[in-house]
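Presented below is the structure to which this report refers.
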There are 2 protein chains.
Amino acid sequence: VPANDRNAGLVVTVDLGGTKILICLFDEDGRVADQEWFLTEARRTPETVVESIVKGIGRVLTRSGTSIAALEGVGIAAAGACDTKSGVVVNGPNLGWRSVPITRWMSDALGLPVWLGNDGNMSALGEHLCGAGRGCNNMVYLTVSTGIGGGIIANGELYVGETGMTAEIGHMVIQSTGPLCPCGKRGCLQTLCSGTALVRNMRERLAMGASSLSMFHPLQLLDLVESKPEEITSHIIFEAARRGDALSLSILEDGARSLGRGLTNLVLLLDPQMLVIGGGLAVHWDQYIAPAANELRRATYPKSLEGLMVVPAVLGDKAASMGARAMVRQRSHKR
Amino acid sequence: VPANDRNAGLVVTVDLGGTKILICLFDEDGRVADQEWFLTEARRTPETVVESIVKGIGRVLTRSGTSIAALEGVGIAAAGACDTKSGVVVNGPNLGWRSVPITRWMSDALGLPVWLGNDGNMSALGEHLCGAGRGCNNMVYLTVSTGIGGGIIANGELYVGETGMTAEIGHMVIQSTGPLCPCGKRGCLQTLCSGTALVRNMRERLAMGASSLSMFHPLQLLDLVESKPEEITSHIIFEAARRGDALSLSILEDGARSLGRGLTNLVLLLDPQMLVIGGGLAVHWDQYIAPAANELRRATYPKSLEGLMVVPAVLGDKAASMGARAMVRQRSHKR
């Protein structure tokens, strides 16, 4: 037993996303000792998905010669609204899950303590403790991807509210007469500036007869966009914009303006020192995040902006796992 | 000197609003021992307003036979964005103030420590410690009045962010194509559902030729509304709606829907146990706040609503002063 009990933990994490599931084994020093991933296959039942996860954990432990009894616990970062107190995935639209008591199922199967957090919350914790937000006591993390999620660090700790369902940033309404969101509201942030929103906007504009500039700049990419709208992705829109396509530029401009409004709301409510932005669309920093940050600067009191940093996330697809590990360490010591 | 130093403090508070200034002297037990108020008169310079406040404090102390040296400090709750670390009112549109270092001016004049907070934040702290939110660790306070402001209690403490400029709830954008706010943005919450917004909407609808139902229900009140639009107040609109005026009902319905969206955003971001709502429009609870709360219930995950309470503030016009007193007690002990 090491002298410092706080460094004692071997931890397994499960990043349970709508597309794939990533299992990591963390060693005592917080490094990833082993990992494996597989596709989520949303059409399967929650029971069989959890079965696959338990088997996956078994394989990772076997490969690394770790006994299950040596583990401090398991941390799950799930794509959806999570009741972190009862350990239930309340609503995971990308998983097709509703009210799934995943921590009970997994702790029954493994004989270990299991804790659950929302993936955006876990990424926020990861970036705060190990990534872009180290040393920053008040921080908001956003992931801008097919959807938009996030987490809030307040006074140096992950803010979990009453049930753990905080920072549902993608469902913040900023345009109440805007497009309908699957959640039932109109104009949720993610209906206006997620990757999905950009693609939907492009398809709608093309269907309404808008033409991209491809007739003047005959680029293969734009030909593809116009002839096969079902193949449009957000990355194609960014590429087209880089090549000067006016329609793509206009769609990104609208999206960045909406994202900027979302950032502004967060800053006006939470006055953080740092906004950390990750997710698939953050790689298009100069084209998308920087214009959104400019919108924020125009819209917010100069004073709250003096020390404000808008920075890219640095942990990539490990952020949620690193946060889930930290959650296990923190909550296991509170038991 | 009392045995328990934490109860030792005599504190003066200043609730500095756009309309009036309320000075309170709190005794060691946190009761208001004396008070006085006077009008703000916004056309005066910040220097002369502060001079009046200092004189007012002198009168209160003289009346109660309290020596200035006996005071633990002075707490100011100001209507505007406040940098609580440097003690500067950054932007107080209702005061006509910009970058006013009020704590320095006042502590120079009084020879006492002086602390500053935003009035919505201070009311949140007051309601949390002494009012509707006692014992509630995660709470959001809103004041719905001519404008909209508030404060956030997170993990049992007033959340102050990096500079103290938090919970600018009235400037949260919920309708980005909506009416222009003096802040420069469009569709800020307070442009849609504050008292000012209700009156503006009524005037616009009347100017566009909408008629209230007064021609069918010849009530004096509605005649007034139609014949002298400059005399419309939000309370007249509520009274007209109570008497069945369709135009007033429609304007309140729109406003309550927007307010509901604002409440939804707060719940989705902060997952509080309680929303405490005060301000002049909260007296119309059944007509305005209850419909907004219903909108919230329709729009939010059932799970985050299970324990959520939406309740009226109880401290009335003393909330900000009681919060400012608490701020002095807390910060004075941290020095």
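Naming scheme: A, B, ... for chains in displayed order of the structure tokens; residues 1 onward per chain; ligands 1 onward as shown.
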
Give the helix (DSSP H, G or I) residues of stretch 104-310 of chain A, as assigned by DSSP on the backbone, as a PyMOL selection string.
chain A and resi 104-110+119-130+169-171+189-193+195-207+213-215+220-227+229-231+234-242+246-270+280-283+285-299+302-305

Could you make a table, as a Markdown table, of the residues of chain B that have an atom within 9 Å of an atom of chain A, each with its nearest atom pair and distance in Å to one decimal, counting only C-alpha atoms, in chain and number order?
```
| residue | atom | partner | partner_atom | distance |
| --- | --- | --- | --- | --- |
| B:Ala81 | CA | A:Tyr301 | CA | 8.5 |
| B:Asp83 | CA | A:Lys303 | CA | 7.7 |
| B:Val90 | CA | A:Lys303 | CA | 7.1 |
| B:Asn91 | CA | A:Tyr301 | CA | 8.1 |
| B:Asn137 | CA | A:Glu162 | CA | 8.4 |
| B:Asn138 | CA | A:Gly161 | CA | 6.2 |
| B:Met139 | CA | A:Gly161 | CA | 9.0 |
| B:Gly151 | CA | A:Leu269 | CA | 8.8 |
| B:Ile152 | CA | A:Leu269 | CA | 8.6 |
| B:Ala154 | CA | A:Gly161 | CA | 7.4 |
| B:Asn155 | CA | A:Gly161 | CA | 7.6 |
| B:Tyr159 | CA | A:Ala154 | CA | 7.7 |
| B:Val160 | CA | A:Asp271 | CA | 7.8 |
| B:Gly161 | CA | A:Asp271 | CA | 5.0 |
| B:Glu162 | CA | A:Pro272 | CA | 5.8 |
| B:Thr163 | CA | A:Ser304 | CA | 6.7 |
| B:Gly164 | CA | A:Asp271 | CA | 7.3 |
| B:Met165 | CA | A:Asp271 | CA | 6.0 |
| B:Thr166 | CA | A:Leu269 | CA | 4.9 |
| B:Ala167 | CA | A:Leu269 | CA | 4.1 |
| B:Glu168 | CA | A:Leu268 | CA | 5.2 |
| B:Ile169 | CA | A:Leu269 | CA | 6.3 |
| B:His171 | CA | A:Leu268 | CA | 7.3 |
| B:Met172 | CA | A:Asn265 | CA | 5.0 |
| B:Val173 | CA | A:Ile174 | CA | 5.5 |
| B:Ile174 | CA | A:Ile174 | CA | 3.8 |
| B:Gln175 | CA | A:Gln175 | CA | 4.0 |
| B:Ser176 | CA | A:Gln175 | CA | 5.0 |
| B:Thr177 | CA | A:Gln175 | CA | 6.9 |
| B:Gly178 | CA | A:Gln175 | CA | 8.3 |
| B:Cys183 | CA | A:Ala299 | CA | 7.8 |
| B:Gly184 | CA | A:Ala299 | CA | 7.0 |
| B:Lys185 | CA | A:Ala299 | CA | 6.5 |
| B:Gly187 | CA | A:Gln175 | CA | 8.1 |
| B:Ser258 | CA | A:Ser176 | CA | 8.0 |
| B:Arg261 | CA | A:Val173 | CA | 6.9 |
| B:Gly262 | CA | A:Val173 | CA | 8.0 |
| B:Thr264 | CA | A:Met172 | CA | 7.8 |
| B:Asn265 | CA | A:Met172 | CA | 5.0 |
| B:Leu266 | CA | A:Met172 | CA | 8.3 |
| B:Val267 | CA | A:Thr166 | CA | 7.8 |
| B:Leu268 | CA | A:Glu168 | CA | 5.2 |
| B:Leu269 | CA | A:Ala167 | CA | 4.1 |
| B:Leu270 | CA | A:Thr166 | CA | 5.1 |
| B:Asp271 | CA | A:Gly161 | CA | 5.0 |
| B:Pro272 | CA | A:Gly161 | CA | 5.7 |
| B:Gln273 | CA | A:Glu162 | CA | 5.9 |
| B:Arg298 | CA | A:Gly184 | CA | 8.8 |
| B:Ala299 | CA | A:Lys185 | CA | 6.5 |
| B:Thr300 | CA | A:Cys183 | CA | 8.6 |
| B:Tyr301 | CA | A:Asn91 | CA | 8.1 |
| B:Lys303 | CA | A:Val90 | CA | 7.2 |
| B:Ser304 | CA | A:Thr163 | CA | 6.7 |
| B:Gly307 | CA | A:Glu162 | CA | 8.4 |
| B:Leu308 | CA | A:Glu162 | CA | 8.9 |
```

Tell me which protein, DNA and RNA residues are within 12 Å of B:Leu142, counting only C-alpha atoms, leaving out same-chain ones fewer than 6 positions away, and put them as a PyMOL selection string.
chain B and resi 119-125+127+148-153+167-170+189-190+194+259+262-263+266+274-282+289+310-313+319

Go ahead and dump the residues you just picked, N, CA, C and O atoms, as a compact mmCIF listing (two decimals), in the first residue's frame.
```txt
# COMPACT_ATOMS: atom_id res chain seq x y z
N ASP B 119 -26.98 44.32 -6.80
CA ASP B 119 -28.18 44.19 -5.96
C ASP B 119 -28.91 42.85 -6.13
O ASP B 119 -29.43 42.30 -5.15
N GLY B 120 -28.90 42.31 -7.35
CA GLY B 120 -29.51 40.99 -7.55
C GLY B 120 -28.74 39.91 -6.80
O GLY B 120 -29.33 39.03 -6.16
N ASN B 121 -27.42 39.99 -6.85
CA ASN B 121 -26.58 39.05 -6.11
C ASN B 121 -26.82 39.16 -4.61
O ASN B 121 -26.92 38.17 -3.90
N MET B 122 -26.91 40.40 -4.13
CA MET B 122 -27.10 40.61 -2.69
C MET B 122 -28.48 40.11 -2.24
O MET B 122 -28.62 39.52 -1.17
N SER B 123 -29.50 40.33 -3.09
CA SER B 123 -30.82 39.81 -2.75
C SER B 123 -30.81 38.29 -2.71
O SER B 123 -31.46 37.67 -1.86
N ALA B 124 -30.08 37.67 -3.65
CA ALA B 124 -29.95 36.21 -3.65
C ALA B 124 -29.35 35.74 -2.33
O ALA B 124 -29.84 34.80 -1.70
N LEU B 125 -28.29 36.41 -1.90
CA LEU B 125 -27.64 36.04 -0.65
C LEU B 125 -28.58 36.25 0.53
O LEU B 125 -28.68 35.40 1.43
N GLU B 127 -31.96 36.26 0.50
CA GLU B 127 -33.02 35.24 0.49
C GLU B 127 -32.47 33.87 0.86
O GLU B 127 -33.16 33.05 1.47
N ILE B 148 -34.57 42.89 -15.17
CA ILE B 148 -34.47 41.55 -14.58
C ILE B 148 -33.03 41.34 -14.13
O ILE B 148 -32.09 41.59 -14.89
N GLY B 149 -32.88 40.92 -12.88
CA GLY B 149 -31.54 40.64 -12.37
C GLY B 149 -31.59 39.41 -11.51
O GLY B 149 -32.63 38.74 -11.43
N GLY B 150 -30.49 39.12 -10.83
CA GLY B 150 -30.54 37.94 -9.98
C GLY B 150 -29.22 37.57 -9.39
O GLY B 150 -28.26 38.37 -9.40
N GLY B 151 -29.17 36.38 -8.84
CA GLY B 151 -27.97 35.88 -8.22
C GLY B 151 -28.02 34.37 -8.13
O GLY B 151 -29.10 33.77 -8.15
N ILE B 152 -26.85 33.75 -8.04
CA ILE B 152 -26.73 32.30 -8.03
C ILE B 152 -26.10 31.84 -6.72
O ILE B 152 -25.04 32.33 -6.33
N ILE B 153 -26.78 30.94 -6.03
CA ILE B 153 -26.19 30.28 -4.86
C ILE B 153 -25.77 28.88 -5.32
O ILE B 153 -26.61 28.09 -5.77
N ALA B 167 -24.65 36.19 -13.01
CA ALA B 167 -26.11 36.18 -12.96
C ALA B 167 -26.74 37.41 -13.60
O ALA B 167 -27.71 37.96 -13.10
N GLU B 168 -26.16 37.85 -14.71
CA GLU B 168 -26.77 38.95 -15.46
C GLU B 168 -27.93 38.36 -16.27
O GLU B 168 -27.94 38.36 -17.51
N ILE B 169 -28.91 37.86 -15.52
CA ILE B 169 -29.99 37.08 -16.09
C ILE B 169 -30.81 37.90 -17.09
O ILE B 169 -31.26 37.39 -18.11
N GLY B 170 -30.98 39.18 -16.81
CA GLY B 170 -31.76 40.04 -17.70
C GLY B 170 -31.15 40.20 -19.08
O GLY B 170 -31.84 40.54 -20.04
N LEU B 189 -33.44 38.68 -22.23
CA LEU B 189 -34.64 38.30 -21.48
C LEU B 189 -35.46 39.51 -21.05
O LEU B 189 -36.68 39.53 -21.18
N GLN B 190 -34.76 40.57 -20.59
CA GLN B 190 -35.54 41.69 -20.08
C GLN B 190 -36.19 42.54 -21.17
O GLN B 190 -37.08 43.32 -20.88
N SER B 194 -39.71 41.84 -18.92
CA SER B 194 -39.69 42.75 -17.77
C SER B 194 -40.94 43.63 -17.82
O SER B 194 -41.68 43.64 -18.82
N LEU B 259 -40.44 34.45 -20.16
CA LEU B 259 -39.88 34.26 -18.82
C LEU B 259 -39.67 32.77 -18.54
O LEU B 259 -38.65 32.37 -17.98
N GLY B 262 -36.55 31.67 -20.05
CA GLY B 262 -35.41 32.09 -19.24
C GLY B 262 -35.22 31.17 -18.04
O GLY B 262 -34.10 30.73 -17.74
N LEU B 263 -36.33 30.84 -17.38
CA LEU B 263 -36.24 29.92 -16.23
C LEU B 263 -35.71 28.57 -16.68
O LEU B 263 -34.89 27.94 -16.00
N LEU B 266 -32.00 28.59 -17.11
CA LEU B 266 -31.32 28.57 -15.81
C LEU B 266 -31.33 27.18 -15.20
O LEU B 266 -30.33 26.71 -14.66
N MET B 274 -34.08 25.27 -6.07
CA MET B 274 -35.09 26.28 -5.89
C MET B 274 -34.86 27.49 -6.79
O MET B 274 -33.72 27.93 -6.96
N LEU B 275 -35.95 27.98 -7.38
CA LEU B 275 -35.94 29.28 -8.03
C LEU B 275 -36.75 30.21 -7.13
O LEU B 275 -37.91 29.93 -6.85
N VAL B 276 -36.11 31.27 -6.67
CA VAL B 276 -36.79 32.25 -5.83
C VAL B 276 -37.02 33.50 -6.68
O VAL B 276 -36.08 34.02 -7.27
N ILE B 277 -38.27 33.93 -6.75
CA ILE B 277 -38.59 35.04 -7.65
C ILE B 277 -39.19 36.20 -6.89
O ILE B 277 -40.18 36.06 -6.17
N GLY B 278 -38.52 37.34 -7.02
CA GLY B 278 -38.99 38.56 -6.37
C GLY B 278 -39.14 39.67 -7.40
O GLY B 278 -39.11 39.43 -8.60
N GLY B 279 -39.29 40.90 -6.90
CA GLY B 279 -39.45 42.04 -7.80
C GLY B 279 -40.92 42.38 -8.00
O GLY B 279 -41.81 41.58 -7.69
N GLY B 280 -41.15 43.55 -8.55
CA GLY B 280 -42.50 44.09 -8.66
C GLY B 280 -43.49 43.21 -9.39
O GLY B 280 -44.69 43.21 -9.08
N LEU B 281 -43.03 42.43 -10.37
CA LEU B 281 -43.97 41.61 -11.14
C LEU B 281 -44.29 40.29 -10.46
O LEU B 281 -45.23 39.59 -10.85
N ALA B 282 -43.50 39.93 -9.44
CA ALA B 282 -43.75 38.66 -8.74
C ALA B 282 -45.01 38.73 -7.90
O ALA B 282 -45.56 37.69 -7.51
N ILE B 289 -46.10 34.58 -13.00
CA ILE B 289 -45.00 33.68 -12.62
C ILE B 289 -45.45 32.22 -12.75
O ILE B 289 -44.71 31.38 -13.27
N VAL B 310 -40.40 26.45 -7.23
CA VAL B 310 -40.42 27.83 -7.73
C VAL B 310 -41.24 28.62 -6.73
O VAL B 310 -42.45 28.38 -6.59
N VAL B 311 -40.58 29.48 -5.97
CA VAL B 311 -41.24 30.12 -4.82
C VAL B 311 -41.02 31.63 -4.82
O VAL B 311 -40.03 32.12 -5.35
N PRO B 312 -41.96 32.36 -4.22
CA PRO B 312 -41.79 33.81 -4.14
C PRO B 312 -40.74 34.21 -3.10
O PRO B 312 -40.60 33.55 -2.07
N ALA B 313 -40.02 35.26 -3.41
CA ALA B 313 -39.12 35.86 -2.43
C ALA B 313 -39.95 36.36 -1.26
O ALA B 313 -41.12 36.69 -1.42
N ALA B 319 -34.35 42.55 1.00
CA ALA B 319 -33.52 41.41 0.59
C ALA B 319 -32.08 41.84 0.31
O ALA B 319 -31.12 41.24 0.83
```

Coordinates-based distance that separates atom CA of B:Val89 from atom CA of B:Thr48 (Å, one decimal)
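So the two atoms, atom CA of B:Thr48 and atom CA of B:Val89, lie 15.3 Å apart.
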
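Between atom CA of A:Ala33 and atom CA of A:Leu315 the interatomic distance comes to 16.2 Å.
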
For B:Met202, please output as an MDAnalysis selection string all residues within 12 Å (counting only C-alpha atoms; exclusion window: fewer than 6 positions along the same chain).
chainID B and resid 192:193 195:196 208:212 222 225:226 228:234 236:238 240:241 245:252 254:255

Identify which of the residues A:Arg331, A:Cys130, A:Val50, A:Gly111 lies closest to A:Leu16, counting only C-alpha atoms when measuring atom-to-atom distances.
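Smallest distance to A:Leu16 is found for A:Val50.
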
Do a neighbour search on B:Pro46 at 10 Å with only C-alpha atoms, toss out local chain neighbours closer than 5 positions, and write the hits as a PyMOL selection string.
chain B and resi 51-52+95-98+100-102

Straight-line distance linking atom CA of B:Arg203 with atom CA of B:Asn94, stated in Å to one decimal:
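These two atoms are separated by 21.7 Å.
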
Any chance you could list, as a ChimeraX atom specification, the residues in stretch 150-331 of chain A that come up strand (DSSP E or B) when DSSP is run on the backbone?
/A:150-154,157-158,173,175,180,186,188,274-278,309-312
